[in-house]
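Next up, coords-v2.cif (mmCIF, C-alpha atoms):
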data_model
#
loop_
_atom_site.label_atom_id
_atom_site.label_comp_id
_atom_site.auth_asym_id
_atom_site.auth_seq_id
_atom_site.Cartn_x
_atom_site.Cartn_y
_atom_site.Cartn_z
CA MET J 28 -56.50 112.14 106.19
CA ARG J 29 -58.40 111.56 102.93
CA PHE J 30 -61.14 109.75 104.84
CA LEU J 31 -61.39 112.61 107.36
CA LEU J 32 -61.68 115.21 104.61
CA LYS J 33 -64.40 113.12 102.97
CA VAL J 34 -66.37 112.96 106.24
CA LEU J 35 -65.99 116.69 106.77
CA GLY J 36 -67.14 117.30 103.20
CA TRP J 37 -70.29 115.24 103.74
CA LEU J 38 -70.96 117.04 107.05
CA LEU J 39 -70.59 120.43 105.37
CA LEU J 40 -72.89 119.34 102.56
CA GLY J 41 -75.44 118.19 105.14
CA VAL J 42 -75.31 121.57 106.89
CA VAL J 43 -75.81 123.37 103.56
CA PHE J 44 -78.82 121.21 102.66
CA SER J 45 -80.29 121.67 106.16
CA LEU J 46 -79.98 125.46 105.91
CA ALA J 47 -81.50 125.42 102.44
CA ALA J 48 -84.43 123.34 103.70
CA LEU J 49 -84.90 125.66 106.68
CA LEU J 50 -84.92 128.72 104.41
CA ALA J 51 -87.45 127.08 102.11
CA ILE J 52 -89.73 126.33 105.05
CA TYR J 53 -89.23 129.88 106.38
CA TRP J 54 -90.42 131.50 103.14
CA LEU J 55 -93.44 129.23 102.84
CA VAL J 56 -94.93 129.52 106.34
CA GLU J 57 -97.09 132.29 107.85
CA ARG J 58 -95.74 135.17 109.98
CA PRO J 59 -96.20 133.45 113.39
CA GLN J 60 -94.22 130.42 112.19
CA LYS J 61 -91.57 132.73 110.66
CA ILE J 62 -91.14 134.46 114.02
CA ALA J 63 -90.85 131.09 115.79
CA ILE J 64 -88.04 130.06 113.41
CA GLU J 65 -86.35 133.44 113.91
CA GLN J 66 -86.55 133.10 117.69
CA GLN J 67 -84.67 129.79 117.57
CA THR J 68 -82.06 131.26 115.22
CA LEU J 69 -81.64 134.34 117.40
CA ASN J 70 -81.15 132.16 120.48
CA VAL J 71 -78.05 130.74 118.83
CA ILE J 72 -76.90 134.17 117.62
CA ASP J 73 -77.31 135.66 121.11
CA HIS J 74 -74.92 133.12 122.60
CA VAL J 75 -72.32 134.17 120.04
CA ARG J 76 -72.70 137.94 120.29
CA GLU J 77 -73.09 138.06 124.08
CA ASP J 78 -70.34 135.65 125.15
CA GLY J 79 -67.82 138.41 125.92
CA THR J 80 -65.17 137.23 123.45
CA THR J 81 -66.83 137.95 120.10
CA PRO J 82 -65.08 140.74 118.12
CA ASP J 83 -66.98 144.03 117.83
CA LYS J 84 -67.19 143.77 114.03
CA VAL J 85 -68.84 140.34 114.28
CA ILE J 86 -71.27 141.63 116.93
CA ALA J 87 -72.18 144.58 114.66
CA ALA J 88 -72.82 142.24 111.71
CA LEU J 89 -74.99 139.93 113.83
CA ASP J 90 -76.89 142.94 115.21
CA ARG J 91 -77.65 144.13 111.67
CA PHE J 92 -78.85 140.66 110.73
CA ALA J 93 -81.04 140.48 113.84
CA ASP J 94 -82.58 143.88 113.07
CA LYS J 95 -83.98 142.49 109.81
CA THR J 96 -85.95 139.75 111.57
CA GLU J 97 -89.58 140.16 112.58
CA ALA J 98 -88.72 138.85 116.05
CA ILE J 99 -86.53 141.90 116.67
CA LYS J 100 -88.09 144.51 114.42
CA GLY J 101 -91.65 144.18 115.68
CA ASP J 102 -94.24 146.68 114.51
CA ILE J 103 -93.35 150.20 113.39
CA VAL J 104 -96.08 152.63 114.50
CA PRO J 105 -96.80 155.44 111.99
CA ALA J 106 -95.93 158.78 113.56
CA PRO J 107 -94.64 162.24 112.59
CA LEU J 108 -90.97 163.13 112.85
CA PRO J 109 -90.00 163.83 116.48
CA ALA J 110 -89.08 167.38 117.40
CA GLU J 111 -85.49 168.16 116.45
CA ASN J 112 -82.95 167.87 119.30
CA ALA J 113 -85.64 167.04 121.88
CA PHE J 114 -84.62 164.83 124.79
CA ALA J 115 -87.89 162.87 124.42
CA PRO J 116 -89.42 162.16 121.00
CA TYR J 117 -93.03 163.23 121.69
CA GLY J 118 -92.92 165.19 124.93
CA GLU J 119 -91.47 164.46 128.36
CA PRO J 120 -93.48 162.04 130.54
CA ALA J 121 -96.64 163.66 131.89
CA ASP J 122 -97.30 163.21 135.61
CA ARG J 123 -99.88 163.86 138.32
CA TRP J 124 -97.51 165.39 140.89
CA GLY J 125 -96.47 168.61 139.16
CA LEU J 126 -92.82 167.61 139.02
CA LYS J 127 -90.11 170.22 138.70
CA HIS J 128 -88.73 170.08 135.14
CA LEU J 129 -84.96 170.55 135.25
CA VAL J 130 -83.32 171.08 131.83
CA ASN J 131 -79.59 170.52 131.44
CA ARG J 132 -77.22 170.57 128.45
CA GLY J 133 -77.52 166.87 127.66
CA TYR J 134 -80.62 165.66 129.48
CA SER J 135 -83.69 166.69 131.45
CA VAL J 136 -85.19 165.50 134.74
CA GLY J 137 -88.62 165.36 136.35
CA TYR J 138 -87.81 165.96 140.03
CA ASP J 139 -90.09 165.31 142.99
CA ASP J 140 -89.02 167.48 145.95
CA ARG J 141 -91.47 165.68 148.22
CA LEU J 142 -89.74 162.29 147.97
CA PRO J 143 -87.01 163.72 147.41
CA SER J 144 -85.95 161.97 144.19
CA PRO J 145 -86.02 162.24 140.40
CA ARG J 146 -89.01 160.41 138.92
CA TRP J 147 -87.53 160.30 135.41
CA SER J 148 -84.66 161.45 133.26
CA SER J 149 -84.71 161.84 129.46
CA TYR J 150 -81.81 162.06 127.04
CA ARG J 151 -81.05 161.74 123.33
CA VAL J 152 -77.92 160.10 121.96
CA PHE J 153 -76.56 160.02 118.41
CA PRO J 154 -73.42 159.08 116.42
CA HIS J 155 -70.32 160.35 118.20
CA GLN J 156 -66.52 160.26 118.12
CA GLY J 157 -66.17 158.19 121.30
CA GLY J 158 -63.30 158.82 123.69
CA ARG J 159 -63.43 159.16 127.45
CA LEU J 160 -63.32 162.40 129.40
CA PRO J 161 -61.96 162.58 132.97
CA ARG J 162 -64.64 161.77 135.53
CA PRO J 163 -65.70 164.79 137.61
CA PRO J 164 -64.25 164.59 141.14
CA THR J 165 -67.52 164.75 143.07
CA PHE J 166 -71.31 164.99 142.96
CA TYR J 167 -73.09 168.34 143.27
CA VAL J 168 -76.11 169.68 145.15
CA ASP J 169 -78.72 170.91 142.67
CA GLU J 170 -79.65 174.33 143.97
CA ARG J 171 -82.73 174.38 141.72
CA THR J 172 -84.38 171.82 144.02
CA GLN J 173 -85.93 172.52 147.40
CA ALA J 174 -84.62 169.22 148.79
CA ARG J 175 -80.94 170.06 148.06
CA VAL J 176 -79.82 166.46 148.57
CA SER J 177 -76.10 166.31 149.38
CA THR J 178 -73.53 163.65 148.48
CA ALA J 179 -72.84 163.08 152.20
CA GLU J 180 -76.31 161.53 152.53
CA TYR J 181 -75.01 158.54 150.53
CA THR J 182 -71.83 158.07 152.56
CA ARG J 183 -71.62 154.60 154.18
CA SER J 184 -75.22 153.93 153.13
CA GLY J 185 -74.46 150.67 151.29
CA TYR J 186 -75.68 152.18 148.01
CA ASP J 187 -73.93 153.70 145.01
CA ARG J 188 -74.88 157.12 143.72
CA GLY J 189 -76.62 155.73 140.64
CA HIS J 190 -76.92 157.94 137.55
CA LEU J 191 -80.18 158.06 135.59
CA ALA J 192 -78.78 160.02 132.62
CA PRO J 193 -75.38 158.29 132.28
CA ASN J 194 -72.08 160.07 132.58
CA TYR J 195 -70.35 158.41 129.57
CA ALA J 196 -73.16 158.71 127.01
CA ILE J 197 -73.75 162.38 127.80
CA SER J 198 -70.02 163.16 127.72
CA VAL J 199 -69.39 161.70 124.25
CA CYS J 200 -72.47 163.35 122.76
CA TYR J 201 -72.53 166.73 124.54
CA GLY J 202 -69.08 167.38 126.04
CA ALA J 203 -67.42 168.02 129.39
CA GLU J 204 -69.83 170.60 130.84
CA ALA J 205 -72.80 168.39 130.05
CA GLN J 206 -70.99 165.45 131.62
CA LYS J 207 -70.43 167.45 134.80
CA GLU J 208 -74.19 168.13 135.00
CA THR J 209 -74.89 164.37 135.14
CA PHE J 210 -73.25 164.51 138.59
CA LEU J 211 -75.99 166.80 139.91
CA LEU J 212 -77.74 164.88 142.69
CA SER J 213 -81.10 165.59 141.04
CA ASN J 214 -79.99 162.92 138.51
CA ILE J 215 -78.98 160.38 141.17
CA VAL J 216 -80.79 157.58 143.03
CA PRO J 217 -79.55 154.89 145.45
CA GLN J 218 -78.45 151.80 143.52
CA LEU J 219 -76.78 148.58 144.64
CA HIS J 220 -73.19 148.43 143.44
CA ALA J 221 -73.38 145.17 141.46
CA LEU J 222 -76.36 146.46 139.46
CA ASN J 223 -74.88 149.93 138.99
CA ALA J 224 -71.51 148.61 137.81
CA GLY J 225 -72.89 145.47 136.17
CA LEU J 226 -76.17 144.81 134.36
CA TRP J 227 -77.39 148.43 134.36
CA LYS J 228 -74.05 149.67 133.03
CA ASP J 229 -74.18 146.95 130.35
CA ILE J 230 -77.58 148.19 129.13
CA GLU J 231 -76.33 151.80 129.06
CA ALA J 232 -73.28 150.71 127.06
CA ARG J 233 -75.46 148.72 124.66
CA ILE J 234 -77.44 151.89 123.91
CA ILE J 235 -74.55 154.30 123.34
CA HIS J 236 -72.49 151.83 121.33
CA ARG J 237 -74.65 149.23 119.59
CA TYR J 238 -78.00 151.03 119.32
CA VAL J 239 -76.46 154.29 118.11
CA GLU J 240 -74.41 152.42 115.50
CA ARG J 241 -77.51 150.61 114.23
CA TYR J 242 -80.20 153.27 114.48
CA GLY J 243 -78.42 156.62 114.61
CA GLU J 244 -80.56 158.82 116.85
CA VAL J 245 -81.93 157.11 119.97
CA TRP J 246 -84.10 158.51 122.78
CA VAL J 247 -83.92 157.12 126.31
CA GLN J 248 -86.20 157.74 129.26
CA VAL J 249 -85.27 156.17 132.56
CA GLY J 250 -86.28 156.22 136.20
CA PRO J 251 -86.90 154.45 139.51
CA ILE J 252 -89.95 152.53 140.70
CA TYR J 253 -91.21 152.82 144.27
CA SER J 254 -93.72 149.99 144.71
CA GLN J 255 -94.07 150.40 148.47
CA SER J 256 -96.03 153.23 150.04
CA PRO J 257 -94.26 154.79 151.78
CA PRO J 258 -91.06 153.66 150.03
CA ARG J 259 -88.06 152.24 151.87
CA LYS J 260 -85.73 155.04 152.95
CA MET J 261 -82.01 155.68 153.13
CA GLY J 262 -82.15 158.53 155.61
CA ARG J 263 -84.69 160.79 153.92
CA ILE J 264 -83.95 159.45 150.40
CA PRO J 265 -86.23 156.71 149.00
CA VAL J 266 -84.65 153.47 147.79
CA PRO J 267 -86.07 152.17 144.47
CA ASP J 268 -87.55 148.68 144.26
CA ALA J 269 -86.79 148.52 140.53
CA PHE J 270 -85.66 150.62 137.58
CA TRP J 271 -87.26 151.15 134.19
CA MET J 272 -86.01 152.28 130.82
CA VAL J 273 -87.98 153.20 127.67
CA ILE J 274 -85.92 153.38 124.47
CA SER J 275 -87.22 154.75 121.15
CA GLU J 276 -85.90 155.05 117.61
CA TYR J 277 -87.49 156.54 114.49
CA GLU J 278 -87.58 154.53 111.25
CA HIS J 279 -87.29 157.18 108.53
CA GLN J 280 -87.90 154.76 105.64
CA GLN J 281 -91.20 153.68 107.20
CA ASN J 282 -92.17 157.03 108.76
CA GLY J 283 -92.76 155.51 112.14
CA ILE J 284 -91.54 155.03 115.69
CA ARG J 285 -90.83 151.91 117.68
CA ALA J 286 -89.95 151.53 121.33
CA ILE J 287 -88.88 148.95 123.88
CA ALA J 288 -89.24 149.01 127.66
CA PHE J 289 -87.08 147.27 130.26
CA LEU J 290 -88.03 146.67 133.90
CA VAL J 291 -85.05 145.65 136.05
CA PRO J 292 -85.44 144.62 139.72
CA HIS J 293 -83.19 146.42 142.21
CA GLU J 294 -80.98 143.42 142.97
CA GLU J 295 -77.26 142.65 143.00
CA LYS J 296 -76.93 141.62 139.35
CA TRP J 297 -73.57 141.75 137.64
CA ARG J 298 -74.43 140.21 134.27
CA ASP J 299 -77.33 138.73 132.33
CA ARG J 300 -77.18 137.82 128.64
CA GLU J 301 -80.93 137.18 128.47
CA LEU J 302 -82.17 140.78 128.35
CA THR J 303 -85.51 139.67 126.89
CA ARG J 304 -86.49 138.50 130.39
CA TYR J 305 -86.65 142.21 131.39
CA VAL J 306 -88.75 143.37 128.42
CA VAL J 307 -92.24 144.60 129.35
CA SER J 308 -94.87 146.81 127.75
CA ILE J 309 -94.62 150.57 128.11
CA ARG J 310 -98.13 150.50 129.55
CA LYS J 311 -96.77 148.28 132.35
CA ILE J 312 -94.20 150.97 133.18
CA GLU J 313 -96.95 153.60 133.14
CA SER J 314 -99.04 151.57 135.60
CA LEU J 315 -96.08 151.20 137.98
CA THR J 316 -94.89 154.81 137.83
CA GLY J 317 -98.01 156.93 137.23
CA LEU J 318 -96.28 158.54 134.22
CA ASP J 319 -97.74 159.01 130.75
CA PHE J 320 -95.23 158.50 127.94
CA PHE J 321 -95.38 160.15 124.49
CA PRO J 322 -98.12 162.59 125.62
CA GLN J 323 -98.02 164.54 122.32
CA LEU J 324 -99.14 161.52 120.30
CA PRO J 325 -102.85 160.73 119.79
CA VAL J 326 -104.23 158.16 122.24
CA ALA J 327 -104.75 155.60 119.45
CA THR J 328 -101.08 155.89 118.44
CA GLN J 329 -99.98 155.63 122.07
CA ASN J 330 -102.01 152.44 122.41
CA GLN J 331 -100.31 150.91 119.36
CA LEU J 332 -96.91 151.75 120.78
CA GLU J 333 -97.50 150.94 124.45
CA LEU J 334 -99.90 148.06 124.91
CA ASN J 335 -97.72 145.17 123.77
CA PRO J 336 -94.12 144.46 124.81
CA ALA J 337 -91.43 144.31 122.15
CA PRO J 338 -91.13 140.71 120.90
CA ARG J 339 -87.51 140.46 121.98
CA ALA J 340 -84.64 142.60 123.29
CA TRP J 341 -83.03 144.58 120.46
#

For this file, write the structure as structure tokens.
Amino acid sequence: MRFLLKVLGWLLLGVVFSLAALLAIYWLVERPQKIAIEQQTLNVIDHVREDGTTPDKVIAALDRFADKTEAIKGDIVPAPLPAENAFAPYGEPADRWGLKHLVNRGYSVGYDDRLPSPRWSSYRVFPHQGGRLPRPPTFYVDERTQARVSTAEYTRSGYDRGHLAPNYAISVCYGAEAQKETFLLSNIVPQLHALNAGLWKDIEARIIHRYVERYGEVWVQVGPIYSQSPPRKMGRIPVPDAFWMVISEYEHQQNGIRAIAFLVPHEEKWRDRELTRYVVSIRKIESLTGLDFFPQLPVATQNQLELNPAPRAW
């Protein structure tokens, strides 16, 4: 036993000296080398915080540590305070189609009656009390649209009725009536079940739980991508080839905005711990959708925010 304790003591001492040496190297090297060291460290941390068994308090602590690294933080772009209570921080996405702008209690939608489908949905989430409200019993025709898509059009189609603005996040931030409005079919697109109930749901949960805890106020813009022309159809409803999400948060101490974009293929995907594989530039999303994000910002500021992808998933 004494020998074993001695061996363990030497191993612990070796780990301490190795960490000390790594920290010394970290503080001496230039920013690119710092980021490379952080990336390796975060690879290890990701396996711990994404393994499904790590306690929430440990995940929160690791998230806060990760936020302090350059590999996660990236560049904060100087920008004015976003408009108070707006669903998008610097204007809803601009488009070339003249979309119908549908404003609800907890989110807004850019709806294309010609497809017929929503092109985007925007919502803002913030610290909340949690809890879970009863799920509304059905989906609803949105009488504000010309298309008036009905829930029966999804029956036996092989696709879920996939929310853009999510039911849970809107319910905990805005209440039961706002939650009911997320079941308007103007907020719904065809989505494969494994993606809807798996990876996509995981990203939505990450935002409303982990991002809100870390950043406070968070803006989300989300929508489908139709890469084929004409798009594949489910009856008269187009089936997306992929889905995108642009997430923003304002850094008050640095008077600036930062954003991250995800591009997720429309595939049966239950889980994926490596979210960085889906990170793209916002400009990439613009090129695929024809939308213009943050239209109220000067072009130079948009370029700073949109041209380069975030270094790593937050």

Please identify every residue of region 219-255 of chain J that has at least one atom no farther than 9 Å from an atom of region 311-322 of chain J, counting all atoms listed in the file, and for each give the shortest atom pair and the distance in Å to one decimal, arranged by chain then increasing number, as a tab-separated table.
residue	atom	partner	partner_atom	distance
J:Gly250	CA	J:Thr316	CA	8.9
J:Pro251	CA	J:Thr316	CA	8.2
J:Ile252	CA	J:Thr316	CA	6.2
J:Tyr253	CA	J:Thr316	CA	7.7
J:Ser254	CA	J:Leu315	CA	7.2

Of the listed residues J:Gln280, J:Thr328, J:Gln218, J:Asn70, that which approaches Asp268 (chain J) most closely, counting all atoms listed in the file: J:Gln218

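Atom to atom, CA of Val75 (chain J) and CA of Ile197 (chain J) stand 29.3 Å apart.
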
The PyMOL selection byres ((chain J and resi 106) around 7) resolved against shown file, as a ChimeraX atom specification: /J:104-105,107-108,282-284

Chain and number of each residue from the PyMOL selection byres ((chain J and resi 331) around 10), as an MDAnalysis selection string: chainID J and resid 102:105 285 326:330 332:335

Hits of the PyMOL selection byres ((chain J and resi 120-128) around 10) in this structure, as an MDAnalysis selection string: chainID J and resid 115 117:119 129:131 135:141 145:149 171:173 248 313 316:323

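CA of Tyr186 (chain J) lies 24.4 Å from CA of Ala205 (chain J).
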
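The gap separating CA of Phe92 (chain J) from CA of Ala196 (chain J) is 25.0 Å, in Å to one decimal.
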
Set the distance at 10 Å and use all atoms listed in the file: which residues neighbour Met261 (chain J) once local chain neighbours fewer than 6 positions away are removed? I'd like the list as an mmCIF file with C-alpha atoms, in the coordinates of the input.
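Done, and the output landed in part-v9.cif:
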data_model
loop_
_atom_site.group_PDB
_atom_site.id
_atom_site.type_symbol
_atom_site.label_atom_id
_atom_site.label_comp_id
_atom_site.auth_asym_id
_atom_site.auth_seq_id
_atom_site.Cartn_x
_atom_site.Cartn_y
_atom_site.Cartn_z
ATOM 1 C CA GLU J 180 -76.310 161.530 152.530
ATOM 2 C CA TYR J 181 -75.010 158.540 150.530
ATOM 3 C CA SER J 184 -75.220 153.930 153.130
ATOM 4 C CA GLY J 185 -74.460 150.670 151.290
ATOM 5 C CA TYR J 186 -75.680 152.180 148.010
ATOM 6 C CA PRO J 217 -79.550 154.890 145.450
#

Radius query 9 Å about (-73.4, 162.3, 116.4), atoms used: only C-alpha atoms, as an MDAnalysis selection string: chainID J and resid 152:156 199:200 239 243:244

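Residues with any atom within 7 Å of Gln206 (chain J), counting all atoms listed in the file and excluding same-chain neighbours fewer than 4 positions away, are Asn194, Ile197, Ser198 and Gly202 of chain J.
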
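The residue that comes closest to Pro163 (chain J), out of J:Gln60, J:Asn214, J:Ser275, J:Thr209 and on the basis of all atoms listed in the file, is J:Thr209.
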